[in-house]
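Next comes my_file.tsv, a file with TSV, C-alpha atoms and all ligand atoms.
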```
chain	number	residue	atom	x	y	z
S	156	MET	CA	173.59	319.13	182.01
S	157	PHE	CA	175.09	319.33	178.53
S	158	GLN	CA	176.10	322.98	178.99
S	159	GLU	CA	178.66	321.47	181.37
S	160	PHE	CA	180.66	320.39	178.29
S	161	PRO	CA	181.09	323.34	175.93
S	162	LEU	CA	183.60	321.58	173.70
S	163	GLN	CA	184.58	323.29	170.45
S	164	ASP	CA	181.95	322.69	167.75
S	165	ASP	CA	184.46	321.28	165.29
S	166	LEU	CA	185.70	318.61	167.67
S	167	ILE	CA	184.44	315.10	168.41
S	168	TYR	CA	185.91	313.93	171.69
S	169	LEU	CA	185.99	310.14	171.96
S	170	ASN	CA	189.00	309.81	174.24
S	171	HIS	CA	187.84	309.68	177.85
S	172	ALA	CA	189.80	306.47	178.33
S	173	ALA	CA	192.95	308.60	177.83
S	174	VAL	CA	192.52	312.14	179.18
S	175	ALA	CA	189.06	313.70	179.50
S	176	PRO	CA	187.98	317.30	178.97
S	177	TRP	CA	186.92	319.08	182.16
S	178	PRO	CA	183.29	320.01	182.79
S	179	ARG	CA	182.53	323.73	183.07
S	180	ARG	CA	182.12	323.53	186.84
S	181	THR	CA	185.62	322.04	187.17
S	182	CYS	CA	187.09	324.81	185.05
S	183	ASP	CA	185.16	327.34	187.22
S	184	ALA	CA	186.34	325.77	190.49
S	185	ILE	CA	189.96	325.83	189.36
S	186	THR	CA	189.71	329.37	188.02
S	187	ARG	CA	188.17	330.53	191.32
S	188	PHE	CA	190.89	328.74	193.25
S	189	ALA	CA	193.59	330.41	191.16
S	190	GLU	CA	191.98	333.86	191.66
S	191	GLU	CA	191.73	333.21	195.37
S	192	ASN	CA	195.38	332.23	195.59
S	193	MET	CA	196.36	335.35	193.65
S	194	THR	CA	194.32	337.76	195.74
S	195	ARG	CA	194.16	336.24	199.22
S	196	GLY	CA	196.79	333.52	199.26
S	197	ALA	CA	195.92	330.74	201.68
S	198	ARG	CA	193.99	332.97	204.11
S	199	ASP	CA	190.97	330.67	203.87
S	200	TYR	CA	192.88	327.39	204.15
S	201	PRO	CA	190.26	325.98	206.55
S	202	HIS	CA	187.77	326.22	203.71
S	203	TRP	CA	190.12	324.27	201.43
S	204	LEU	CA	190.36	321.59	204.08
S	205	GLU	CA	186.57	321.42	204.04
S	206	VAL	CA	186.64	320.82	200.25
S	207	GLU	CA	189.23	318.09	200.82
S	208	ARG	CA	187.13	316.47	203.54
S	209	GLN	CA	184.07	316.52	201.29
S	210	LEU	CA	186.04	315.07	198.38
S	211	ARG	CA	186.92	312.03	200.52
S	212	GLU	CA	183.22	311.70	201.28
S	213	PHE	CA	182.32	311.89	197.58
S	214	LEU	CA	184.94	309.28	196.66
S	215	ALA	CA	183.87	306.94	199.44
S	216	GLN	CA	180.31	307.25	198.14
S	217	LEU	CA	181.43	306.61	194.57
S	218	ILE	CA	183.06	303.27	195.41
S	219	GLY	CA	180.82	302.33	198.33
S	220	ALA	CA	183.66	302.45	200.88
S	221	PRO	CA	182.64	302.05	204.53
S	222	SER	CA	184.16	305.43	205.48
S	223	PRO	CA	185.80	308.53	203.93
S	224	LEU	CA	188.68	307.76	206.29
S	225	ASP	CA	189.47	304.75	204.09
S	226	ILE	CA	190.34	307.05	201.19
S	227	ALA	CA	193.82	308.46	200.58
S	228	LEU	CA	194.57	311.05	197.92
S	229	LEU	CA	197.70	310.09	196.01
S	230	LYS	CA	199.38	311.35	192.83
S	231	ASN	CA	198.21	308.76	190.37
S	232	THR	CA	197.23	305.14	189.85
S	233	SER	CA	200.84	304.02	189.47
S	234	GLU	CA	201.69	305.49	192.87
S	235	GLY	CA	198.76	303.73	194.53
S	236	LEU	CA	199.74	300.38	193.02
S	237	SER	CA	203.31	300.99	194.15
S	238	VAL	CA	202.15	301.64	197.73
S	239	VAL	CA	200.51	298.22	197.71
S	240	ALA	CA	203.36	296.37	195.99
S	241	ALA	CA	206.09	297.83	198.17
S	242	GLY	CA	204.06	297.62	201.38
S	243	ILE	CA	203.30	293.89	201.51
S	244	ASP	CA	205.58	291.54	203.50
S	245	TRP	CA	206.48	289.29	200.55
S	246	HIS	CA	208.32	286.04	201.00
S	247	PRO	CA	210.48	284.48	198.27
S	248	GLY	CA	208.32	282.03	196.33
S	249	ASP	CA	205.11	284.06	196.68
S	250	ASN	CA	203.20	284.72	193.50
S	251	ILE	CA	200.76	287.27	192.10
S	252	LEU	CA	198.04	286.61	189.53
S	253	SER	CA	197.11	289.11	186.83
S	254	PHE	CA	196.11	289.28	183.18
S	255	ALA	CA	198.41	289.45	180.17
S	256	GLY	CA	197.98	292.77	178.36
S	257	GLU	CA	197.24	294.89	181.44
S	258	PHE	CA	198.29	298.53	181.22
S	259	PRO	CA	202.05	298.74	181.99
S	260	SER	CA	201.49	300.39	185.40
S	261	ASN	CA	199.61	297.31	186.52
S	262	ARG	CA	202.37	294.96	185.36
S	263	ILE	CA	205.69	296.70	185.94
S	264	VAL	CA	204.94	297.34	189.60
S	265	TRP	CA	204.47	293.60	190.24
S	266	GLU	CA	207.41	292.63	188.02
S	267	SER	CA	209.56	294.92	190.17
S	268	LEU	CA	209.12	292.42	193.01
S	269	GLY	CA	211.08	289.82	191.06
S	270	ASP	CA	214.23	290.68	192.98
S	271	ARG	CA	212.39	289.73	196.18
S	272	GLY	CA	211.60	286.32	194.73
S	273	VAL	CA	207.98	287.13	193.89
S	274	ASP	CA	206.62	285.67	190.68
S	275	LEU	CA	204.02	287.38	188.45
S	276	ARG	CA	201.73	284.91	186.66
S	277	LEU	CA	199.73	286.23	183.72
S	278	ALA	CA	196.46	284.71	182.54
S	279	SER	CA	195.48	285.01	178.91
S	280	LEU	CA	192.62	287.25	177.89
S	281	ASP	CA	192.47	285.76	174.41
S	282	ASP	CA	189.65	283.48	175.40
S	283	ALA	CA	187.43	286.34	176.51
S	284	ALA	CA	184.59	283.87	177.20
S	285	ASP	CA	185.96	283.03	180.65
S	286	PRO	CA	189.00	285.13	181.51
S	287	GLU	CA	188.45	284.72	185.26
S	288	GLN	CA	188.81	280.94	184.98
S	289	ASN	CA	192.13	281.46	183.17
S	290	LEU	CA	193.24	283.48	186.19
S	291	PHE	CA	191.99	280.92	188.72
S	292	ASP	CA	193.84	278.15	186.88
S	293	LEU	CA	197.14	279.84	187.80
S	294	TRP	CA	196.45	279.76	191.53
S	295	ASP	CA	198.48	277.64	193.93
S	296	GLU	CA	199.22	277.60	197.66
S	297	ARG	CA	201.83	280.37	197.25
S	298	THR	CA	199.49	282.87	195.60
S	299	ARG	CA	199.21	286.00	197.77
S	300	LEU	CA	197.55	288.64	195.62
S	301	VAL	CA	195.37	289.09	192.54
S	302	ALA	CA	195.81	292.37	190.65
S	303	VAL	CA	193.49	293.26	187.77
S	304	SER	CA	192.01	296.26	186.01
S	305	ALA	CA	188.25	296.43	186.34
S	306	VAL	CA	188.15	297.32	182.64
S	307	GLN	CA	190.99	296.48	180.26
S	308	TYR	CA	192.41	299.69	178.76
S	309	ALA	CA	192.86	298.40	175.20
S	310	SER	CA	189.82	296.22	174.50
S	311	GLY	CA	187.44	297.62	177.13
S	312	LEU	CA	186.76	294.12	178.43
S	313	ARG	CA	184.97	294.33	181.77
S	314	VAL	CA	186.26	291.84	184.27
S	315	ASP	CA	183.91	290.05	186.69
S	316	LEU	CA	185.20	291.64	189.89
S	317	GLU	CA	182.60	289.97	192.11
S	318	ARG	CA	183.67	286.53	190.95
S	319	ILE	CA	187.37	287.26	191.40
S	320	GLY	CA	186.69	288.86	194.79
S	321	ALA	CA	184.79	285.76	195.94
S	322	PHE	CA	187.65	283.54	194.77
S	323	CYS	CA	190.16	285.68	196.69
S	324	ARG	CA	188.05	285.69	199.81
S	325	GLU	CA	187.70	281.90	199.87
S	326	ARG	CA	191.47	281.51	199.66
S	327	ASP	CA	192.48	284.47	201.80
S	328	LEU	CA	194.19	286.28	198.90
S	329	LEU	CA	194.64	290.03	198.65
S	330	PHE	CA	192.66	291.66	195.86
S	331	CYS	CA	193.92	294.86	194.21
S	332	VAL	CA	191.77	296.61	191.59
S	333	ASP	CA	193.02	299.22	189.12
S	334	ALA	CA	189.71	301.02	188.57
S	335	ILE	CA	190.87	303.90	186.38
S	336	GLN	CA	188.96	302.65	183.31
S	337	SER	CA	185.84	301.97	185.33
S	338	LEU	CA	185.28	304.63	188.00
S	339	GLY	CA	183.12	307.41	186.64
S	340	ALA	CA	181.86	305.18	183.83
S	341	LEU	CA	180.35	302.18	185.63
S	342	PRO	CA	178.98	301.72	189.13
S	343	PHE	CA	181.53	300.31	191.58
S	344	ALA	CA	180.94	298.60	194.92
S	345	VAL	CA	183.95	297.79	197.01
S	346	GLY	CA	181.82	295.60	199.29
S	347	GLY	CA	180.32	293.64	196.40
S	348	CYS	CA	183.69	292.66	194.98
S	349	HIS	CA	185.56	292.41	198.31
S	350	ALA	CA	188.43	294.53	196.96
S	351	ASP	CA	191.20	295.18	199.46
S	352	PHE	CA	192.76	297.97	197.43
S	353	VAL	CA	191.22	300.21	194.77
S	354	VAL	CA	193.17	302.80	192.80
S	355	ALA	CA	192.07	305.28	190.14
S	356	ASP	CA	193.41	308.59	188.88
S	357	GLY	CA	190.89	311.33	188.13
S	358	HIS	CA	191.73	312.34	184.57
S	359	LYS	CA	189.76	309.73	182.61
S	360	TRP	CA	186.13	308.85	183.30
S	361	LEU	CA	186.11	310.97	186.46
S	362	LEU	CA	186.55	314.05	184.23
S	363	ALA	CA	189.13	315.74	186.43
S	364	PRO	CA	192.69	317.06	186.07
S	365	GLU	CA	195.66	314.70	185.96
S	366	GLY	CA	197.74	314.15	189.06
S	367	LEU	CA	195.26	313.24	191.79
S	368	ALA	CA	194.12	309.71	192.46
S	369	LEU	CA	191.88	307.86	194.84
S	370	PHE	CA	193.52	305.12	196.87
S	371	TYR	CA	191.28	302.85	198.94
S	372	CYS	CA	192.77	300.42	201.42
S	373	ARG	CA	190.53	298.15	203.49
S	374	ALA	CA	190.75	299.41	207.06
S	375	GLU	CA	191.87	296.06	208.52
S	376	LEU	CA	194.86	295.99	206.16
S	377	ARG	CA	196.17	299.49	206.84
S	378	ASP	CA	198.57	298.39	209.56
S	379	LYS	CA	199.80	295.50	207.43
S	380	LEU	CA	201.12	297.72	204.62
S	381	ARG	CA	204.63	298.87	205.41
S	382	LEU	CA	204.80	302.60	204.70
S	383	GLN	CA	207.25	303.84	202.08
S	384	GLN	CA	206.95	307.61	202.44
S	385	TYR	CA	207.12	309.75	205.54
S	386	GLY	CA	206.51	313.38	206.47
S	387	TRP	CA	204.54	315.81	208.61
S	388	HIS	CA	201.18	315.02	207.04
S	389	MET	CA	200.96	311.26	207.50
S	390	VAL	CA	201.23	311.29	211.30
S	391	GLU	CA	198.50	311.11	213.90
S	392	ALA	CA	199.12	314.63	215.21
S	393	ALA	CA	199.75	316.38	211.88
S	394	GLY	CA	200.10	320.10	212.52
S	395	ASP	CA	201.70	319.72	215.94
S	396	PHE	CA	205.14	320.45	214.59
S	397	SER	CA	206.86	320.57	217.97
S	398	ARG	CA	206.03	316.93	218.83
S	399	THR	CA	208.95	314.59	218.57
S	400	GLU	CA	207.18	311.22	218.95
S	401	TRP	CA	204.86	310.22	216.19
S	402	ARG	CA	202.66	307.43	214.99
S	403	PRO	CA	201.13	306.98	211.54
S	404	ALA	CA	197.64	308.48	211.23
S	405	PRO	CA	195.06	305.84	212.15
S	406	ASN	CA	193.25	306.42	208.82
S	407	ALA	CA	194.25	306.39	205.15
S	408	VAL	CA	195.94	309.81	205.50
S	409	ARG	CA	198.98	307.79	206.62
S	410	PHE	CA	199.65	307.15	202.91
S	411	GLU	CA	199.91	310.91	202.18
S	412	CYS	CA	203.36	312.07	203.28
S	413	GLY	CA	203.24	315.85	202.74
S	414	SER	CA	201.19	318.81	201.54
S	415	PRO	CA	198.12	317.88	199.54
S	416	ASN	CA	197.51	318.72	195.88
S	417	MET	CA	194.90	321.38	196.74
S	418	LEU	CA	194.51	322.52	193.15
S	419	GLY	CA	193.75	318.98	192.04
S	420	ILE	CA	191.45	318.50	195.02
S	421	HIS	CA	189.32	321.46	193.95
S	422	GLY	CA	189.15	320.08	190.43
S	423	LEU	CA	188.31	316.50	191.34
S	424	HIS	CA	185.77	317.70	193.91
S	425	ALA	CA	183.87	319.62	191.22
S	426	SER	CA	184.01	316.80	188.67
S	427	VAL	CA	182.87	314.09	191.06
S	428	SER	CA	180.04	316.32	192.31
S	429	LEU	CA	178.70	316.31	188.75
S	430	LEU	CA	178.81	312.51	188.47
S	431	LEU	CA	177.12	312.08	191.84
S	432	GLU	CA	174.42	314.58	190.93
S	433	MET	CA	173.74	312.66	187.73
S	434	GLY	CA	173.89	309.34	189.57
S	435	MET	CA	176.20	306.56	188.42
S	436	GLN	CA	173.30	304.40	187.22
S	437	GLN	CA	172.25	307.12	184.81
S	438	VAL	CA	175.82	307.88	183.76
S	439	SER	CA	176.58	304.23	183.07
S	440	SER	CA	173.39	303.53	181.17
S	441	ALA	CA	174.13	306.51	178.88
S	442	ILE	CA	177.67	305.21	178.40
S	443	LEU	CA	176.51	301.67	177.62
S	444	LYS	CA	174.03	303.08	175.13
S	445	ASN	CA	176.94	304.78	173.37
S	446	THR	CA	178.80	301.48	173.40
S	447	SER	CA	175.85	299.70	171.76
S	448	GLN	CA	175.60	302.38	169.10
S	449	LEU	CA	179.34	302.20	168.40
S	450	MET	CA	179.18	298.41	168.11
S	451	ASP	CA	176.26	298.66	165.68
S	452	LEU	CA	178.14	301.22	163.60
S	453	THR	CA	181.26	299.04	163.60
S	454	GLU	CA	179.20	296.23	162.15
S	455	LYS	CA	177.42	298.47	159.66
S	456	TYR	CA	180.75	299.78	158.34
S	457	GLY	CA	182.23	296.26	158.11
S	458	LEU	CA	184.96	296.86	160.69
S	459	GLU	CA	186.58	294.25	162.90
S	460	LEU	CA	185.43	294.70	166.48
S	461	LEU	CA	188.19	294.05	169.04
S	462	SER	CA	186.02	294.72	172.10
S	463	PRO	CA	183.87	291.96	173.60
S	464	LYS	CA	180.25	291.98	172.49
S	465	ALA	CA	178.70	290.16	175.45
S	466	ARG	CA	176.69	292.68	177.45
S	467	GLN	CA	178.20	291.89	180.84
S	468	ARG	CA	181.69	292.41	179.34
S	469	ARG	CA	181.01	295.86	177.88
S	470	SER	CA	182.38	299.16	179.19
S	471	GLY	CA	182.81	302.69	177.80
S	472	ILE	CA	185.56	301.55	175.42
S	473	VAL	CA	185.01	300.29	171.87
S	474	THR	CA	188.10	299.27	169.89
S	475	PHE	CA	188.07	298.14	166.29
S	476	ARG	CA	190.32	297.57	163.31
S	477	VAL	CA	189.72	298.62	159.74
S	478	PRO	CA	190.73	295.65	157.58
S	479	GLY	CA	193.67	296.43	155.34
S	480	GLN	CA	194.38	299.78	156.99
S	481	ASP	CA	197.48	300.87	158.86
S	482	THR	CA	196.10	301.76	162.30
S	483	ALA	CA	198.77	304.34	163.21
S	484	LEU	CA	198.25	306.17	159.93
S	485	LEU	CA	194.47	306.06	160.24
S	486	HIS	CA	194.72	307.38	163.80
S	487	ARG	CA	196.81	310.34	162.65
S	488	ARG	CA	194.25	311.09	159.95
S	489	LEU	CA	191.34	310.95	162.41
S	490	MET	CA	193.15	313.26	164.82
S	491	SER	CA	193.88	315.70	162.02
S	492	ARG	CA	190.11	315.81	161.39
S	493	ASN	CA	189.59	316.69	165.08
S	494	LEU	CA	188.20	313.29	165.89
S	495	ILE	CA	189.96	312.79	169.20
S	496	CYS	CA	190.57	309.10	169.84
S	497	ALA	CA	193.43	306.70	170.53
S	498	ALA	CA	195.36	303.90	168.83
S	499	ARG	CA	195.44	301.02	171.31
S	500	GLY	CA	195.64	297.23	171.16
S	501	ASN	CA	196.20	297.16	167.35
S	502	GLY	CA	193.04	299.15	166.77
S	503	ILE	CA	191.31	302.48	167.00
S	504	ARG	CA	189.82	303.06	170.44
S	505	PHE	CA	186.71	305.20	170.83
S	506	SER	CA	185.65	306.18	174.36
S	507	PRO	CA	182.80	308.70	174.52
S	508	HIS	CA	181.28	309.74	177.88
S	509	PHE	CA	177.65	310.03	178.99
S	510	TYR	CA	177.22	313.49	177.51
S	511	THR	CA	178.44	312.63	173.99
S	512	PRO	CA	175.50	313.12	171.59
S	513	PRO	CA	174.58	310.12	169.38
S	514	GLU	CA	174.91	312.27	166.24
S	515	GLN	CA	178.59	312.71	167.02
S	516	LEU	CA	179.09	308.94	167.08
S	517	GLN	CA	177.37	308.69	163.72
S	518	ARG	CA	179.50	311.55	162.39
S	519	ALA	CA	182.67	309.89	163.74
S	520	PHE	CA	182.05	306.91	161.45
S	521	GLU	CA	181.37	309.16	158.48
S	522	ILE	CA	184.75	310.83	159.10
S	523	LEU	CA	186.31	307.40	159.48
S	524	GLY	CA	184.80	306.42	156.12
S	525	GLU	CA	186.34	309.52	154.54
S	526	CYS	CA	189.76	308.75	156.06
S	527	VAL	CA	190.19	305.19	154.82
L	1	LIG	C1	194.31	300.56	183.31
L	1	LIG	C2	195.23	301.72	183.54
L	1	LIG	N1	195.97	301.77	184.66
L	1	LIG	C3	196.79	302.81	184.92
L	1	LIG	C4	196.92	303.86	184.03
L	1	LIG	C5	197.88	304.96	184.33
L	1	LIG	O1	197.47	305.66	185.42
L	1	LIG	P1	198.29	306.80	186.11
L	1	LIG	O2	198.85	307.69	185.08
L	1	LIG	O3	197.24	307.45	186.97
L	1	LIG	O4	199.36	306.17	186.94
L	1	LIG	C6	196.17	303.85	182.85
L	1	LIG	C7	196.30	304.94	181.87
L	1	LIG	O5	195.97	304.83	180.71
L	1	LIG	C8	195.30	302.75	182.61
L	1	LIG	O6	194.55	302.69	181.49
```

Encoded form using C-alpha cells:
Amino acid sequence: MFQEFPLQDDLIYLNHAAVAPWPRRTCDAITRFAEENMTRGARDYPHWLEVERQLREFLAQLIGAPSPLDIALLKNTSEGLSVVAAGIDWHPGDNILSFAGEFPSNRIVWESLGDRGVDLRLASLDDAADPEQNLFDLWDERTRLVAVSAVQYASGLRVDLERIGAFCRERDLLFCVDAIQSLGALPFAVGGCHADFVVADGHKWLLAPEGLALFYCRAELRDKLRLQQYGWHMVEAAGDFSRTEWRPAPNAVRFECGSPNMLGIHGLHASVSLLLEMGMQQVSSAILKNTSQLMDLTEKYGLELLSPKARQRRSGIVTFRVPGQDTALLHRRLMSRNLICAARGNGIRFSPHFYTPPEQLQRAFEILGECV
C-alpha cells in the first residue's frame, strides 16, 4: 500500500488538510488519460462515461448515500455550498445557524444572503466542551438551515453531526455539511446524521486533484432547490440536441450544467478506489493513531495544543502553538526544511494521512525543535 505514495525522501508531508499529494494510481490514471487523449482523442468516450458512472457509485458508497443518482459532480466545495444557498426559497427574516471561525467558503456564501433579508447567526466554538449546544441556543422559529463543517479546518475539532442532524430533524430544519476536512479521513454516514446536503472537494483527504467535488442533495429536496445554472447536460434528455422542450434531469445531474471535468473524474476515481480498498475504518484508525502520536509529541515538547483533546472531537488535524514564537516565521522555516504544513488558526497545523510513517512524525518534531 505504501508504494502508492512515493514522496521524495527529503520531504515530510503533513498538509493533507490543504492540498494532498496524489497516490501513484491517480498519477497513472491521469497519465493514461492524457496519453489516450493525445493518441485517440475521445474515441472511447463511452468508456469515460463508465468511469464517471462508477465514480458516482464510489462516492455514494463513501458517504452512505441511498443512490449514486443522488451525487452531482461540481467544481469545488464553494460551488456546492452556493448551489444550496442560492437555491433555497428564502423569506426575509429567515436565519441560518453556523459556527464562528468556519472556513470562509462556509460563511461568505450565507452572508451573501443578507440582501435577501436572511440573517447568519454564529455560535462560538471557544467552549469546545459543548459547541452543539451553543448552536442550538441560537435557534428560533425563523431558523431554516444549519450549515457546519464536519471538521473545523483550523483546530480540527470534530463536530457531532448526528446530534445536530437530530436537532434539525425534530425542527424541520435543513442541514448542510461541508465535509471537505472529513471525507477520506473519517467514516461518514449521510443517513446517520440526516444531512440534506453534503459537499466536499477531492484535493484534501480524498487524495485527488483540485477542481472536482462531490455534491449530495437528499432526493426529496432536489425539486425544492431552484437551479442557478443551465445547459445541455442538466436536462432529462441530455444528448438529444434537437429537442426543444426540456425538463431538469430527475437525478442530481441537474446540478451539472455542461461538459464534465473528465480529467478530474479519472483522478478522483483512482484516489477513491484506493480509500475504498483500504476501507474507511482502517484509514481512519491509522489517521487517529497519528493524531494521538502528534498530541503526545506536542505535550512532550511543551507546546500549546490548539486542537481538542477529547477523543470524540479528534480528526486528522493537530494544531499547536510554540510559546514565544512567531507562527508565520516558524512556518516559513519549517517549509524551508521541507516539512510541508500550514499556518492556521494562530498555530502550526499538521495533517498527516493514513500512510504517513510514525518516524516522520517524530522527525517533524525534531525539525521543529531545530527551527525554534
Ligand atoms: C472547511 C473547508 N471548506 C471549504 C474549503 C474550500 O473548498 P473549495 O476550494 O473546494 O471550495 C476548505 C479549504 O481549505 C475548507 O477547509

Report task. Quick one: pull the distance between atom CA of S:Gln467 and atom CA of S:Leu423, Å, one decimal. Result ->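 According to the coordinates, atom CA of S:Gln467 and atom CA of S:Leu423 are separated by 28.6 Å.
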
Query - Shell of 6 Å around ligand LIG 1 (chain L) (only C-alpha atoms and all ligand atoms), written as number ranges by chain - result: S: 173, 231-233, 258, 260, 304, 308, 333, 335-336, 356

Query raised in the report: When distances are computed from all atoms listed in the file, which of S:Trp294, S:Trp401, S:Tyr385, S:Phe160 shows the smallest separation from S:Trp177?
Result: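 Of S:Trp294, S:Trp401, S:Tyr385, S:Phe160, the one nearest S:Trp177 is S:Phe160, counting all atoms listed in the file.
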
Query raised in the report: Interatomic distance between atom CA of S:Phe475 and atom CA of S:Ile503?
Result: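 Computed distance, atom CA of S:Phe475 to atom CA of S:Ile503, equals 5.5 Å.
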
Report task. Extract, using only C-alpha atoms, all DNA, RNA and protein residues at most 8 Å from S:Ala220, discarding same-chain residues fewer than 6 positions from it, and format them as a list of chain:residue names. Result ->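 In the requested format, the answer is S:Ala344, S:Val345, S:Gly346, S:Tyr371.
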
Requested in this report: Select all residues near (187.9, 320.7, 199.8) (cut-off 12 Å, inclusive, file coordinates), counting only C-alpha atoms, and output them as a ChimeraX atom specification.
Outcome: /S:184-185,188,199-213,228,415-425,428

**Report entry** Point (178.6, 316.2, 174.9) neighbourhood (6 Å, only C-alpha atoms) written as a PyMOL selection string
**Finding:** chain S and resi 157+160+510-512

Query raised in the report: Restricting the calculation to all atoms listed in the file, which member of S:Pro478, S:Gly339, S:Gly357, S:Gly235 is positioned closest to S:Met435?
Result: S:Gly339

Query - Contact residues around stretch 449-464 of chain S with only C-alpha atoms at 9 Å, ignoring same-chain residues under 2 positions, as a PyMOL selection string - result: chain S and resi 283-284+309-313+444-447+466-469+472-478+500-502+505+516-517+520+524

Requested in this report: Check the smallest atom-to-atom distance from each of S:Val174, S:Ala227, S:Leu162, S:Cys182 to S:His358 using all atoms listed in the file, then report the winner.
Outcome: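 The answer is S:Val174, which sits nearest to S:His358.
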
Query - Atomic distance atom CA of S:Ala278 - atom CA of S:Leu252, expressed in Å with one decimal - result: 7.4 Å

Query - Counting only C-alpha atoms, the residue of S:Gly347, S:Gly269, S:Gly242, S:Gly320 that sits nearest S:Pro221 - result: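 Between S:Gly347, S:Gly269, S:Gly242, S:Gly320, the residue approaching S:Pro221 most closely is S:Gly347.
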
**Report entry** Nearest to S:Arg504, chosen from S:Tyr168, S:Ser440, S:Gln158, S:Thr186, with only C-alpha atoms counted in the distances
**Finding:**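 Once distances to S:Arg504 are computed over only C-alpha atoms, the minimum belongs to S:Tyr168.
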
Query - Within 12 Å of S:Glu525 using only C-alpha atoms, minus same-chain residues under 2 positions, as number ranges by chain - result: S: 456, 485, 488-489, 492, 518-523, 527

Report task. Tell me which of S:Glu287, S:Glu266, S:Glu317, S:Asp183 sits closest to S:Phe254, counting only C-alpha atoms. Result ->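 Counting only C-alpha atoms, the residue closest to S:Phe254 is S:Glu287.
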
Once you've located stretch 437-485 of chain S in the structure I gave, write it as a PDB file, in the first residue's frame, keeping C-alpha atoms.
```pdb
ATOM      1  CA  GLN S 437      -8.823   1.213   8.642  1.00  0.00           C
ATOM      2  CA  VAL S 438      -7.951   4.578   7.111  1.00  0.00           C
ATOM      3  CA  SER S 439      -9.497   6.493   9.990  1.00  0.00           C
ATOM      4  CA  SER S 440      -7.951   4.376  12.719  1.00  0.00           C
ATOM      5  CA  ALA S 441      -4.500   4.944  11.172  1.00  0.00           C
ATOM      6  CA  ILE S 442      -5.234   8.674  10.994  1.00  0.00           C
ATOM      7  CA  LEU S 443      -6.421   8.842  14.606  1.00  0.00           C
ATOM      8  CA  LYS S 444      -3.306   6.973  15.675  1.00  0.00           C
ATOM      9  CA  ASN S 445      -1.248   9.700  14.009  1.00  0.00           C
ATOM     10  CA  THR S 446      -3.318  12.290  15.836  1.00  0.00           C
ATOM     11  CA  SER S 447      -2.619  10.615  19.192  1.00  0.00           C
ATOM     12  CA  GLN S 448       1.088  10.485  18.449  1.00  0.00           C
ATOM     13  CA  LEU S 449       1.134  14.148  17.423  1.00  0.00           C
ATOM     14  CA  MET S 450      -0.710  15.142  20.598  1.00  0.00           C
ATOM     15  CA  ASP S 451       1.763  13.175  22.723  1.00  0.00           C
ATOM     16  CA  LEU S 452       4.685  14.833  20.945  1.00  0.00           C
ATOM     17  CA  THR S 453       3.115  18.263  21.403  1.00  0.00           C
ATOM     18  CA  GLU S 454       2.986  17.622  25.123  1.00  0.00           C
ATOM     19  CA  LYS S 455       6.485  16.165  25.252  1.00  0.00           C
ATOM     20  CA  TYR S 456       7.916  19.248  23.509  1.00  0.00           C
ATOM     21  CA  GLY S 457       5.983  21.630  25.794  1.00  0.00           C
ATOM     22  CA  LEU S 458       3.879  23.142  23.010  1.00  0.00           C
ATOM     23  CA  GLU S 459       0.419  24.643  23.357  1.00  0.00           C
ATOM     24  CA  LEU S 460      -2.144  22.355  21.775  1.00  0.00           C
ATOM     25  CA  LEU S 461      -4.934  24.241  19.966  1.00  0.00           C
ATOM     26  CA  SER S 462      -6.835  21.127  18.857  1.00  0.00           C
ATOM     27  CA  PRO S 463      -9.355  19.464  21.179  1.00  0.00           C
ATOM     28  CA  LYS S 464      -8.008  16.513  23.144  1.00  0.00           C
ATOM     29  CA  ALA S 465     -11.283  14.682  23.788  1.00  0.00           C
ATOM     30  CA  ARG S 466     -11.295  11.528  21.667  1.00  0.00           C
ATOM     31  CA  GLN S 467     -14.704  12.066  20.080  1.00  0.00           C
ATOM     32  CA  ARG S 468     -13.579  15.557  18.978  1.00  0.00           C
ATOM     33  CA  ARG S 469     -10.383  14.447  17.234  1.00  0.00           C
ATOM     34  CA  SER S 470      -9.781  14.371  13.484  1.00  0.00           C
ATOM     35  CA  GLY S 471      -6.734  14.230  11.198  1.00  0.00           C
ATOM     36  CA  ILE S 472      -5.714  17.782  12.117  1.00  0.00           C
ATOM     37  CA  VAL S 473      -3.428  18.742  15.002  1.00  0.00           C
ATOM     38  CA  THR S 474      -2.724  22.451  15.505  1.00  0.00           C
ATOM     39  CA  PHE S 475      -0.381  23.866  18.112  1.00  0.00           C
ATOM     40  CA  ARG S 476       1.498  26.995  19.061  1.00  0.00           C
ATOM     41  CA  VAL S 477       5.092  27.283  20.168  1.00  0.00           C
ATOM     42  CA  PRO S 478       5.103  29.690  23.117  1.00  0.00           C
ATOM     43  CA  GLY S 479       7.043  32.853  22.383  1.00  0.00           C
ATOM     44  CA  GLN S 480       7.462  32.056  18.695  1.00  0.00           C
ATOM     45  CA  ASP S 481       6.175  33.987  15.713  1.00  0.00           C
ATOM     46  CA  THR S 482       3.992  31.416  13.937  1.00  0.00           C
ATOM     47  CA  ALA S 483       4.369  32.841  10.411  1.00  0.00           C
ATOM     48  CA  LEU S 484       8.152  32.890  10.737  1.00  0.00           C
ATOM     49  CA  LEU S 485       8.258  29.394  12.188  1.00  0.00           C
TER      50      LEU S 485
END
```
